[in-house]
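Q: Have a look at this one before I ask anything.
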Amino acid sequence: MELLKVEQLKKIYTTRFGGNNVQALREITFSVEPGEYVAIMGESGSGKTTLLNILATLDKPTEGNLLLDGKDLGKISEKNAAKFRREQLGFVFQEFNLLDTLSVKDNILLPLVLSGCPQSQMMARLKPIANRLHITELLEKYPYEVSGGQKQRTAIARALIMDPKLILADEPTGALDSHAAMQLLEVFGEINRDGQTVLMVTHSTEAASHAKRVLFIKDGIVYHQLYRGEHSREEMYQMITNVLTAIATGGERKYERTI
């Protein structure tokens, strides 16, 4: 059974005075199985940010269905949306979104605090995650005292602390140097191998080449997809580059809806 199912998703924005309609998503259909690692790529204006916001329940589609583990996300009320996001989704952002007034430890534990989790359970959850991400020695420091790569590891720990069904990553390597970015991508690979489902939006061919599947968005539709399969990461990188070139030059759409 699919963990995430997106069917005929459309999103139309109306301009301020209702004079024009802008169709950000035209017909998005795909699914994600439990344990998959999927990257979404597309040029600016392709609709991928709109899609991510809808998946995160920060926006609602104009038409279509969106199911996470069988639950219709379109039926979640505004009142319950924050609780749903906190408990079912983990978020990793380009700019980390850490609070400088809280220690690394308290930033990671914040979702548990908001959920009313007992302190003894918090520490029991924190220790293995901090060890896995190699940030145990940083827990008492503050975000402004650690490097960009360490900040992003902290953000991943915060995303994992609630044991979410799905990690949504928005350009997670965008603010990192090449060395820190490579380390971060290795972390994503590790947590995915441990069974965590990851959906990552990225402009980076390097980042996307680490995923098991890449979906390409163009003009509000899923234009094409690639499966890594038995290909090496270097081969996947070249395959992605070829598709991006085809998109840029108006190549033929090759995506099939049955995934």
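Please note that chains go A, B, ... in the order of the structure tokens, that every chain numbers its residues from 1, and that ligands are numbered from 1 in the order shown.
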Determine, counting only C-alpha atoms, which protein, DNA and RNA residues have an atom within 7 Å of an atom of Glu87 of chain A; residues of the same chain fewer than 3 positions away are not included. Present the result as a JSON list (two decimals) with N, CA, C and O atoms, in the first residue's frame.
A:
```json
[["chain", "number", "residue", "atom", "x", "y", "z"],
["A", 83, "LYS", "N", -1.08, 20.10, 14.59],
["A", 83, "LYS", "CA", -0.84, 18.85, 15.33],
["A", 83, "LYS", "C", -0.50, 17.72, 14.36],
["A", 83, "LYS", "O", 0.41, 16.93, 14.62],
["A", 84, "PHE", "N", -1.20, 17.67, 13.24],
["A", 84, "PHE", "CA", -0.92, 16.64, 12.24],
["A", 84, "PHE", "C", 0.49, 16.77, 11.70],
["A", 84, "PHE", "O", 1.23, 15.79, 11.60],
["A", 162, "MET", "N", 9.94, 12.86, 16.29],
["A", 162, "MET", "CA", 8.55, 12.42, 16.44],
["A", 162, "MET", "C", 8.26, 11.12, 15.69],
["A", 162, "MET", "O", 7.11, 10.68, 15.64],
["A", 164, "PRO", "N", 8.28, 10.45, 12.36],
["A", 164, "PRO", "CA", 7.24, 10.79, 11.37],
["A", 164, "PRO", "C", 7.10, 9.73, 10.29],
["A", 164, "PRO", "O", 8.03, 8.96, 10.02]]
```
Q: So that I can see what lies close to Asn107 of chain A, please list as a list in words the residues with an atom at most 12 Å from it, counting only C-alpha atoms and leaving out residues fewer than 6 positions away in the same chain.
A: Phe96, Asn97, Leu98, Leu99, Asp100, Thr101, Val113, Leu114, Leu126, Leu138, Leu139, Glu140, Lys141, Tyr142, Pro143, Lys151, Gln152, Arg153, Thr154, Ala155, Ile156, Ala157, Arg158, Ala159 and Ile161 of chain A
Q: Please, what distance in Å, to one decimal, runs between atom CA of Val6 of chain A and atom CA of Glu230 of chain A?
A: 26.4 Å
Q: Measuring atom to atom with only C-alpha atoms, identify which of A:Met123, A:Ile76, A:Leu52, A:Val187 is nearest to Glu171 of chain A.
A: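 When distances to Glu171 of chain A are compared using only C-alpha atoms, the smallest one comes from A:Leu52.
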Q: Need the shell around Gln94 of chain A: protein/DNA/RNA residues with any atom at most 8 Å away, counting only C-alpha atoms. Skip same-chain ones fewer than 4 positions apart. Format as a list of chain:residue names?
A: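 Residues near the query, excluding close chain neighbours: A:Asp170, A:Glu171, A:Pro172, A:Thr173, A:Gly174, A:Ala175.
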Q: What lies within 10 Å of Leu244 of chain A using only C-alpha atoms, ignoring chain neighbours under 2 positions off, as a PyMOL selection string?
A: chain A and resi 41-43+205+216+224+238-242+246-251
Q: Keeping C-alpha atoms, export the residues of the selection given above as a JSON list (two decimals), in the first residue's frame.
A:
```json
[["chain", "number", "residue", "atom", "x", "y", "z"],
["A", 41, "MET", "CA", 13.19, 18.50, -9.45],
["A", 42, "GLY", "CA", 12.03, 21.32, -11.67],
["A", 43, "GLU", "CA", 12.87, 24.79, -12.85],
["A", 205, "THR", "CA", 21.62, 17.26, -9.53],
["A", 216, "PHE", "CA", 10.63, 15.99, -12.74],
["A", 224, "HIS", "CA", 9.23, 12.45, -16.34],
["A", 238, "GLN", "CA", 24.25, 11.59, -15.82],
["A", 239, "MET", "CA", 20.69, 10.31, -16.35],
["A", 240, "ILE", "CA", 19.31, 13.27, -14.39],
["A", 241, "THR", "CA", 21.47, 15.67, -16.39],
["A", 242, "ASN", "CA", 20.11, 14.22, -19.63],
["A", 246, "ALA", "CA", 15.62, 17.51, -22.50],
["A", 247, "ILE", "CA", 13.28, 19.61, -20.36],
["A", 248, "ALA", "CA", 15.25, 22.77, -21.12],
["A", 249, "THR", "CA", 15.21, 22.08, -24.86],
["A", 250, "GLY", "CA", 11.57, 21.02, -25.09],
["A", 251, "GLY", "CA", 12.06, 17.27, -25.25]]
```
